[in-house]
Amino acid sequence: MSKAGERLVNGIVKENPTFVQMLGMCPTLAVTTSAINGIGMGLTTTVILALSNLFISALRKFIPDRVRIPSYIIVIASFVTMVQFLLEGFIPSLYDSLGLYIPLIVVNCIILGRAEAYASKNPMGLSFMDGIGMGLGFTVGLTTIGAFRELLGNGSVFGFRVMPSGYTPITIFVLAPGAFFVLAGIIAFQNKLKLNKAAKEGISPENALCRSEDCAGCMNSLCGGRLAEGKLKETVKEEGGAD
Amino acid sequence: MSELMNVSSSPHVRSKDSTSRIMLDVIIALLPATGVGIYNFGFKAFLIIAVTIASSVGFEYLSCVLMKKKPTTRDLSAVLTGLLLALNLSPDVPLWLPIIGAAFGIIIVKQVFGGLGQNFMNPALGARCFLLLSFTGQMTSFTYDSVTGATPLAVIKAGESADLTKMFIGTIPGTIGETSAAALLIGAAYLLTKRIISPRIPFMYIGVFTVLIAIYALATGVADPLYFVGEELCGGGLMLGAFFMATDYVTSPITPNGKLIFGAMLAILTFLFRMFGSSAEGVSYAIIICNLFVPLIERFTVPTSFGKGAVKYE
């Protein structure tokens with residue numbers, strides 16, 4: 001697989017910002033009242049993420065290390081402002097339903113995180129693809145949550161009525177608590193799949209859910225990094241044995 | 001050898017109390033209120049109670065099997081949750097509604113967090129609030145004597161007056177179990193004399209609530225303050241909540257002072273919700289919010305052991 005393709009798969013599946021890294025929770029919980037809102041927010045973020053990654057990567061050798069965060073924010077804020085005016089001009093309905101959350105993209109931790117973790121260290125092409133991948137991963141996450149919430153809370157998906165007419169919508173799913181229920185349900189399901197896969201490969205359940213490379217985005221707050229250390233030791237031992 | 005010579009390790013005193021025995025006692029204490037509910041609202045109420053209990057027990061069994069745990073249906077806690085949930089429903093609800101409520105209360109609020117003893121919120125009340133937010137229309141339509149009307153609390157909130165005697169006996173519209181203050185008090189007396197519940201939470205709750213309501217009534221110049229206080233005490237879910245749901249062992253503080261703080265918090269929240277909120281009733285929200293504060297309350301009210309001096313916490 002090409003390096004650019006690998007960035008895409010990495011963003012959408014392996015390090016999906018919503019379900020694996022648990023980043024950008026504020027828009028994830030707030031705007032996903034319907035599938036169309038989810039996809040709108042996701043694509044808006046994708047455009048901004050790709051462009052800001054591209055620019056930050058291009059400028060990475062000019063930006064002094066000490067003022068890099070303010071510089072990133074200026075780049076991101078410029079793109080957010082542009083996209084905001086474009087949305088207001090051309091898709092006013094989406095602009096109205098996303099409301100406050102468009103300007104808040106400036107401080108979305110996925111965008112700042114990718115700028116810091118990837119774009120500031122890698123060439124322009126790959127950074128752009130990384131932005132697209134992460135953005136699409138975010139879009140997939142938001143659309144899935146939005147679709148479930150709309151289905152249960154309104155009986156429709158993308159505005160089309162799916163449930164039979166006798167179905168009484170469970171309104172709580174389009175209210176704030178519903179976002180937590182759906183997100184938790186999806187993550188539980190995904191962990192179950194991971195555990196099943198790990199059981200087949202003979203990996204213990206604790207290690208299966210541990211991503212040793214990234215403790216910051218981990219959900220297991222009780223572990224405190226001990227597993228990652230243990231896991232690293234295991235791999236070092238194996239490498240030693242292979243010599 | 002006399003028995004005095006026996007040497008053994010603690011515990012030396014054993015109690016015959018068990019989880020199922022305590023649950024059974026609470027169920028017995030709820031029977032008067034259940035009876036009045038069925039007498040008031042007819043066969044429909046009986047059907048709702050039966051469906052809620054059956055689905056609660058069913059979901060408890062199902063989730064235990066799915067989670068590969070030993071089924072805990074025999075400790076009667078699911079029966080009690082089902083009964084409490086049913087008593088918190090309007091007699092008008094369609095029969096599928098309590099099934100959804102039971103599924104939410106048992107699976108999401110109770111079993112996912114680890115089953116009995118691990119739930120952070122009263123499952124019956126969690127389910128009631130879930131249903132109240134989801135199906136507001138069905139949950140707040142109250143029919144009594146084939147007339148759909150406002151509950152006495154809503155009538156009082158609108159500035160009119162309700163019949164206090166009827167409110168005390170229970171011949172008023174409302175949820176199945178909350179209408180009769182008299183029947184609930186009989187059940188509460190049974191629980192208190194058998195020492196199943198401690199009087200600290202309910203008495204503190206009702207006491208502080210009475211004081212707050214009296215101050216409010218005097219401050220706003222209600223025509224008959226004493227009558228107003230009586231109506232607020234007998235109306236809505238206050239008695240049911242104070243004696244049967246705020247005292248749930250799992251979701252209330254175990255420390256003696258914690259119980260007093262818990263009761264006072266409940267009273268303040270209920271008062272605020274009822275007097276200044278948009279809805280006429282606020283007992284269920286007050287209880288589940290205070291449930292969340294229980295670990296914090298317990299942490300700051302641990303009694304000092306004799307001779308140990310003050311205990312410091314980090």
# chains A, B, ... in the order shown; residues from 1 in each chain; ligands from 1

call {"tool": "interface_residues", "arguments": {"of": "chain A", "to": "chain B", "cutoff": "7 Å", "atoms": "only C-alpha atoms", "output": "list in words"}}
result
Ile170, Thr171 and Ile172 of chain A

call {"tool": "residues_around", "arguments": {"residues": "B:Leu185", "least_positions_apart": "3", "cutoff": "10 Å", "atoms": "only C-alpha atoms", "output": "ChimeraX atom specification"}}
result
/B:29-30,32-33,168,180-182,188-191,239-240,243

call {"tool": "residues_around", "arguments": {"residues": "A:Met41", "least_positions_apart": "5", "cutoff": "12 Å", "atoms": "only C-alpha atoms", "output": "ChimeraX atom specification"}}
result
/A:24,26-36,46-49,83-84,87,94-105,108,135-136,138-143,146

call {"tool": "select_by_dssp", "arguments": {"residues": "stretch 21-205 of chain B", "states": "strand (DSSP E or B)", "output": "list in words"}}
result
Thr143, Tyr144, Val147 and Thr148 of chain B

call {"tool": "write_last_selection", "arguments": {"atoms": "N, CA, C and O atoms", "output": "tab-separated table (two decimals), in the first residue's frame"}}
result
chain	number	residue	atom	x	y	z
B	143	THR	N	-55.51	9.88	33.68
B	143	THR	CA	-56.96	9.73	33.67
B	143	THR	C	-57.41	9.18	35.00
B	143	THR	O	-56.82	8.24	35.53
B	144	TYR	N	-58.43	9.80	35.58
B	144	TYR	CA	-59.01	9.25	36.80
B	144	TYR	C	-60.52	9.32	36.67
B	144	TYR	O	-61.06	10.37	36.31
B	147	VAL	N	-61.92	10.57	33.43
B	147	VAL	CA	-61.73	11.98	33.06
B	147	VAL	C	-60.23	12.26	33.06
B	147	VAL	O	-59.56	11.97	34.04
B	148	THR	N	-59.72	12.78	31.95
B	148	THR	CA	-58.30	13.13	31.91
B	148	THR	C	-58.15	14.54	32.45
B	148	THR	O	-58.72	15.49	31.90

call {"tool": "select_by_dssp", "arguments": {"residues": "stretch 1-172 of chain A", "states": "helix (DSSP H, G or I)", "output": "JSON, numbers by chain"}}
result
{"A": [3, 4, 5, 6, 7, 8, 9, 10, 11, 12, 13, 14, 25, 26, 27, 28, 29, 30, 35, 36, 37, 38, 39, 40, 41, 42, 43, 44, 45, 46, 47, 48, 49, 50, 51, 52, 53, 54, 55, 56, 57, 58, 65, 66, 67, 68, 69, 70, 71, 72, 73, 74, 75, 76, 77, 78, 79, 80, 81, 82, 83, 84, 85, 86, 87, 88, 89, 90, 92, 93, 94, 95, 96, 97, 98, 99, 100, 101, 103, 104, 105, 106, 107, 109, 110, 111, 112, 113, 114, 115, 116, 117, 118, 119, 124, 125, 126, 127, 128, 129, 130, 131, 132, 133, 134, 135, 136, 137, 138, 139, 140, 141, 142, 143, 144, 145, 146, 147, 148, 149, 150, 151, 152, 153, 154, 171, 172]}

call {"tool": "residues_around", "arguments": {"residues": "stretch 262-279 of chain B", "least_positions_apart": "2", "cutoff": "6 Å", "atoms": "only C-alpha atoms", "output": "list in words"}}
result
Ile201, Met204, Tyr205, Val208, Phe209, Gly258, Lys259, Leu260, Glu281, Gly282, Val283 and Ala286 of chain B

call {"tool": "write_last_selection", "arguments": {"atoms": "N, CA and C atoms", "output": "compact mmCIF listing (two decimals), in the first residue's frame"}}
result
# COMPACT_ATOMS: atom_id res chain seq x y z
N ILE B 201 -33.19 9.59 56.54
CA ILE B 201 -33.38 10.20 55.21
C ILE B 201 -34.81 10.71 55.03
N MET B 204 -35.71 13.69 57.49
CA MET B 204 -34.96 14.90 57.14
C MET B 204 -35.52 15.50 55.86
N TYR B 205 -35.77 14.64 54.87
CA TYR B 205 -36.30 15.06 53.58
C TYR B 205 -37.62 15.81 53.78
N VAL B 208 -37.28 19.10 56.19
CA VAL B 208 -36.70 20.29 55.57
C VAL B 208 -37.62 20.81 54.47
N PHE B 209 -38.23 19.88 53.74
CA PHE B 209 -39.15 20.29 52.67
C PHE B 209 -40.33 21.09 53.25
N GLY B 258 -24.21 11.46 56.77
CA GLY B 258 -24.42 11.52 55.32
C GLY B 258 -25.89 11.43 54.99
N LYS B 259 -26.61 10.58 55.75
CA LYS B 259 -28.04 10.42 55.50
C LYS B 259 -28.78 11.74 55.72
N LEU B 260 -28.37 12.48 56.77
CA LEU B 260 -29.03 13.76 57.04
C LEU B 260 -28.75 14.75 55.92
N GLU B 281 -43.85 18.61 39.25
CA GLU B 281 -43.25 17.56 40.08
C GLU B 281 -41.73 17.57 39.93
N GLY B 282 -41.01 17.23 41.00
CA GLY B 282 -39.56 17.24 40.89
C GLY B 282 -38.88 16.20 41.74
N VAL B 283 -39.67 15.29 42.37
CA VAL B 283 -39.08 14.34 43.30
C VAL B 283 -38.11 13.40 42.59
N ALA B 286 -34.87 15.08 41.63
CA ALA B 286 -34.11 15.39 42.83
C ALA B 286 -33.39 14.15 43.34

call {"tool": "closest_residue", "arguments": {"among": "A:Gly166, A:Val174, A:Ala147, A:Ser120", "to": "A:Asp65", "atoms": "only C-alpha atoms"}}
result
A:Ser120

call {"tool": "decode", "arguments": {"residues": "stretch 186-221 of chain B", "atoms": "N, CA, C and O atoms", "output": "PDB file, in the first residue's frame"}}
result
ATOM      1  N   ILE B 186     -48.659   3.819  55.697  1.00  0.00           N
ATOM      2  CA  ILE B 186     -48.793   2.514  56.356  1.00  0.00           C
ATOM      3  C   ILE B 186     -47.574   1.653  56.022  1.00  0.00           C
ATOM      4  O   ILE B 186     -46.948   1.042  56.898  1.00  0.00           O
ATOM      5  N   GLY B 187     -47.220   1.630  54.731  1.00  0.00           N
ATOM      6  CA  GLY B 187     -46.046   0.859  54.306  1.00  0.00           C
ATOM      7  C   GLY B 187     -44.783   1.373  54.966  1.00  0.00           C
ATOM      8  O   GLY B 187     -43.931   0.599  55.416  1.00  0.00           O
ATOM      9  N   ALA B 188     -44.665   2.694  55.058  1.00  0.00           N
ATOM     10  CA  ALA B 188     -43.468   3.284  55.657  1.00  0.00           C
ATOM     11  C   ALA B 188     -43.365   2.901  57.128  1.00  0.00           C
ATOM     12  O   ALA B 188     -42.278   2.594  57.634  1.00  0.00           O
ATOM     13  N   ALA B 189     -44.526   2.884  57.832  1.00  0.00           N
ATOM     14  CA  ALA B 189     -44.527   2.505  59.245  1.00  0.00           C
ATOM     15  C   ALA B 189     -44.032   1.072  59.402  1.00  0.00           C
ATOM     16  O   ALA B 189     -43.237   0.760  60.304  1.00  0.00           O
ATOM     17  N   TYR B 190     -44.452   0.190  58.483  1.00  0.00           N
ATOM     18  CA  TYR B 190     -43.986  -1.207  58.515  1.00  0.00           C
ATOM     19  C   TYR B 190     -42.467  -1.279  58.363  1.00  0.00           C
ATOM     20  O   TYR B 190     -41.780  -1.953  59.140  1.00  0.00           O
ATOM     21  N   LEU B 191     -41.943  -0.520  57.385  1.00  0.00           N
ATOM     22  CA  LEU B 191     -40.485  -0.540  57.152  1.00  0.00           C
ATOM     23  C   LEU B 191     -39.727   0.018  58.349  1.00  0.00           C
ATOM     24  O   LEU B 191     -38.682  -0.506  58.745  1.00  0.00           O
ATOM     25  N   LEU B 192     -40.283   1.090  58.960  1.00  0.00           N
ATOM     26  CA  LEU B 192     -39.581   1.718  60.072  1.00  0.00           C
ATOM     27  C   LEU B 192     -39.607   0.830  61.307  1.00  0.00           C
ATOM     28  O   LEU B 192     -38.597   0.704  62.010  1.00  0.00           O
ATOM     29  N   THR B 193     -40.757   0.184  61.579  1.00  0.00           N
ATOM     30  CA  THR B 193     -40.812  -0.663  62.772  1.00  0.00           C
ATOM     31  C   THR B 193     -39.954  -1.908  62.586  1.00  0.00           C
ATOM     32  O   THR B 193     -39.386  -2.418  63.553  1.00  0.00           O
ATOM     33  N   LYS B 194     -39.855  -2.416  61.371  1.00  0.00           N
ATOM     34  CA  LYS B 194     -38.987  -3.575  61.157  1.00  0.00           C
ATOM     35  C   LYS B 194     -37.521  -3.166  60.975  1.00  0.00           C
ATOM     36  O   LYS B 194     -36.656  -3.995  60.729  1.00  0.00           O
ATOM     37  N   ARG B 195     -37.272  -1.873  61.063  1.00  0.00           N
ATOM     38  CA  ARG B 195     -35.921  -1.310  60.934  1.00  0.00           C
ATOM     39  C   ARG B 195     -35.260  -1.657  59.605  1.00  0.00           C
ATOM     40  O   ARG B 195     -34.040  -1.863  59.527  1.00  0.00           O
ATOM     41  N   ILE B 196     -36.081  -1.768  58.565  1.00  0.00           N
ATOM     42  CA  ILE B 196     -35.517  -1.995  57.231  1.00  0.00           C
ATOM     43  C   ILE B 196     -34.888  -0.703  56.736  1.00  0.00           C
ATOM     44  O   ILE B 196     -33.810  -0.694  56.150  1.00  0.00           O
ATOM     45  N   ILE B 197     -35.583   0.420  56.969  1.00  0.00           N
ATOM     46  CA  ILE B 197     -35.005   1.698  56.557  1.00  0.00           C
ATOM     47  C   ILE B 197     -34.729   2.540  57.794  1.00  0.00           C
ATOM     48  O   ILE B 197     -35.366   2.383  58.830  1.00  0.00           O
ATOM     49  N   SER B 198     -33.745   3.415  57.663  1.00  0.00           N
ATOM     50  CA  SER B 198     -33.449   4.333  58.757  1.00  0.00           C
ATOM     51  C   SER B 198     -34.342   5.557  58.597  1.00  0.00           C
ATOM     52  O   SER B 198     -34.581   6.014  57.481  1.00  0.00           O
ATOM     53  N   PRO B 199     -34.862   6.091  59.716  1.00  0.00           N
ATOM     54  CA  PRO B 199     -35.762   7.249  59.583  1.00  0.00           C
ATOM     55  C   PRO B 199     -35.027   8.519  59.170  1.00  0.00           C
ATOM     56  O   PRO B 199     -35.661   9.514  58.855  1.00  0.00           O
ATOM     57  N   ARG B 200     -33.704   8.499  59.177  1.00  0.00           N
ATOM     58  CA  ARG B 200     -32.963   9.745  58.963  1.00  0.00           C
ATOM     59  C   ARG B 200     -33.259  10.400  57.616  1.00  0.00           C
ATOM     60  O   ARG B 200     -33.495  11.598  57.539  1.00  0.00           O
ATOM     61  N   ILE B 201     -33.186   9.590  56.536  1.00  0.00           N
ATOM     62  CA  ILE B 201     -33.377  10.199  55.213  1.00  0.00           C
ATOM     63  C   ILE B 201     -34.807  10.714  55.032  1.00  0.00           C
ATOM     64  O   ILE B 201     -34.999  11.900  54.757  1.00  0.00           O
ATOM     65  N   PRO B 202     -35.841   9.853  55.187  1.00  0.00           N
ATOM     66  CA  PRO B 202     -37.187  10.370  54.911  1.00  0.00           C
ATOM     67  C   PRO B 202     -37.609  11.507  55.836  1.00  0.00           C
ATOM     68  O   PRO B 202     -38.198  12.480  55.372  1.00  0.00           O
ATOM     69  N   PHE B 203     -37.266  11.413  57.145  1.00  0.00           N
ATOM     70  CA  PHE B 203     -37.715  12.473  58.056  1.00  0.00           C
ATOM     71  C   PHE B 203     -37.003  13.781  57.764  1.00  0.00           C
ATOM     72  O   PHE B 203     -37.596  14.855  57.805  1.00  0.00           O
ATOM     73  N   MET B 204     -35.713  13.690  57.486  1.00  0.00           N
ATOM     74  CA  MET B 204     -34.962  14.902  57.144  1.00  0.00           C
ATOM     75  C   MET B 204     -35.523  15.504  55.857  1.00  0.00           C
ATOM     76  O   MET B 204     -35.728  16.721  55.765  1.00  0.00           O
ATOM     77  N   TYR B 205     -35.772  14.637  54.874  1.00  0.00           N
ATOM     78  CA  TYR B 205     -36.304  15.060  53.575  1.00  0.00           C
ATOM     79  C   TYR B 205     -37.618  15.808  53.776  1.00  0.00           C
ATOM     80  O   TYR B 205     -37.771  16.985  53.403  1.00  0.00           O
ATOM     81  N   ILE B 206     -38.576  15.114  54.412  1.00  0.00           N
ATOM     82  CA  ILE B 206     -39.904  15.705  54.552  1.00  0.00           C
ATOM     83  C   ILE B 206     -39.870  16.913  55.481  1.00  0.00           C
ATOM     84  O   ILE B 206     -40.510  17.931  55.229  1.00  0.00           O
ATOM     85  N   GLY B 207     -39.041  16.824  56.546  1.00  0.00           N
ATOM     86  CA  GLY B 207     -38.959  17.931  57.494  1.00  0.00           C
ATOM     87  C   GLY B 207     -38.437  19.202  56.849  1.00  0.00           C
ATOM     88  O   GLY B 207     -39.070  20.260  56.914  1.00  0.00           O
ATOM     89  N   VAL B 208     -37.281  19.099  56.191  1.00  0.00           N
ATOM     90  CA  VAL B 208     -36.697  20.293  55.570  1.00  0.00           C
ATOM     91  C   VAL B 208     -37.617  20.814  54.468  1.00  0.00           C
ATOM     92  O   VAL B 208     -37.813  22.030  54.328  1.00  0.00           O
ATOM     93  N   PHE B 209     -38.230  19.885  53.739  1.00  0.00           N
ATOM     94  CA  PHE B 209     -39.151  20.293  52.668  1.00  0.00           C
ATOM     95  C   PHE B 209     -40.328  21.089  53.245  1.00  0.00           C
ATOM     96  O   PHE B 209     -40.701  22.137  52.717  1.00  0.00           O
ATOM     97  N   THR B 210     -40.866  20.597  54.372  1.00  0.00           N
ATOM     98  CA  THR B 210     -41.987  21.294  54.997  1.00  0.00           C
ATOM     99  C   THR B 210     -41.595  22.714  55.393  1.00  0.00           C
ATOM    100  O   THR B 210     -42.326  23.676  55.136  1.00  0.00           O
ATOM    101  N   VAL B 211     -40.398  22.828  56.010  1.00  0.00           N
ATOM    102  CA  VAL B 211     -39.947  24.153  56.440  1.00  0.00           C
ATOM    103  C   VAL B 211     -39.816  25.086  55.247  1.00  0.00           C
ATOM    104  O   VAL B 211     -40.309  26.231  55.252  1.00  0.00           O
ATOM    105  N   LEU B 212     -39.177  24.586  54.168  1.00  0.00           N
ATOM    106  CA  LEU B 212     -38.956  25.428  52.988  1.00  0.00           C
ATOM    107  C   LEU B 212     -40.285  25.866  52.375  1.00  0.00           C
ATOM    108  O   LEU B 212     -40.469  27.033  52.019  1.00  0.00           O
ATOM    109  N   ILE B 213     -41.225  24.884  52.277  1.00  0.00           N
ATOM    110  CA  ILE B 213     -42.521  25.205  51.672  1.00  0.00           C
ATOM    111  C   ILE B 213     -43.269  26.225  52.542  1.00  0.00           C
ATOM    112  O   ILE B 213     -43.883  27.171  52.033  1.00  0.00           O
ATOM    113  N   ALA B 214     -43.163  26.047  53.891  1.00  0.00           N
ATOM    114  CA  ALA B 214     -43.851  26.979  54.786  1.00  0.00           C
ATOM    115  C   ALA B 214     -43.299  28.381  54.605  1.00  0.00           C
ATOM    116  O   ALA B 214     -44.055  29.364  54.511  1.00  0.00           O
ATOM    117  N   ILE B 215     -41.962  28.501  54.528  1.00  0.00           N
ATOM    118  CA  ILE B 215     -41.357  29.825  54.326  1.00  0.00           C
ATOM    119  C   ILE B 215     -41.840  30.420  53.004  1.00  0.00           C
ATOM    120  O   ILE B 215     -42.230  31.583  52.922  1.00  0.00           O
ATOM    121  N   TYR B 216     -41.851  29.564  51.971  1.00  0.00           N
ATOM    122  CA  TYR B 216     -42.272  30.038  50.649  1.00  0.00           C
ATOM    123  C   TYR B 216     -43.718  30.519  50.700  1.00  0.00           C
ATOM    124  O   TYR B 216     -44.065  31.579  50.165  1.00  0.00           O
ATOM    125  N   ALA B 217     -44.578  29.697  51.377  1.00  0.00           N
ATOM    126  CA  ALA B 217     -45.999  30.037  51.436  1.00  0.00           C
ATOM    127  C   ALA B 217     -46.206  31.369  52.152  1.00  0.00           C
ATOM    128  O   ALA B 217     -46.998  32.208  51.722  1.00  0.00           O
ATOM    129  N   LEU B 218     -45.451  31.576  53.253  1.00  0.00           N
ATOM    130  CA  LEU B 218     -45.593  32.827  53.990  1.00  0.00           C
ATOM    131  C   LEU B 218     -45.047  33.997  53.185  1.00  0.00           C
ATOM    132  O   LEU B 218     -45.622  35.080  53.160  1.00  0.00           O
ATOM    133  N   ALA B 219     -43.918  33.762  52.494  1.00  0.00           N
ATOM    134  CA  ALA B 219     -43.267  34.845  51.771  1.00  0.00           C
ATOM    135  C   ALA B 219     -44.101  35.294  50.583  1.00  0.00           C
ATOM    136  O   ALA B 219     -44.139  36.485  50.256  1.00  0.00           O
ATOM    137  N   THR B 220     -44.768  34.336  49.904  1.00  0.00           N
ATOM    138  CA  THR B 220     -45.524  34.724  48.717  1.00  0.00           C
ATOM    139  C   THR B 220     -46.975  35.047  49.039  1.00  0.00           C
ATOM    140  O   THR B 220     -47.740  35.400  48.155  1.00  0.00           O
ATOM    141  N   GLY B 221     -47.357  34.886  50.302  1.00  0.00           N
ATOM    142  CA  GLY B 221     -48.701  35.261  50.692  1.00  0.00           C
ATOM    143  C   GLY B 221     -49.797  34.372  50.139  1.00  0.00           C
ATOM    144  O   GLY B 221     -50.776  34.854  49.570  1.00  0.00           O
TER     145      GLY B 221
END
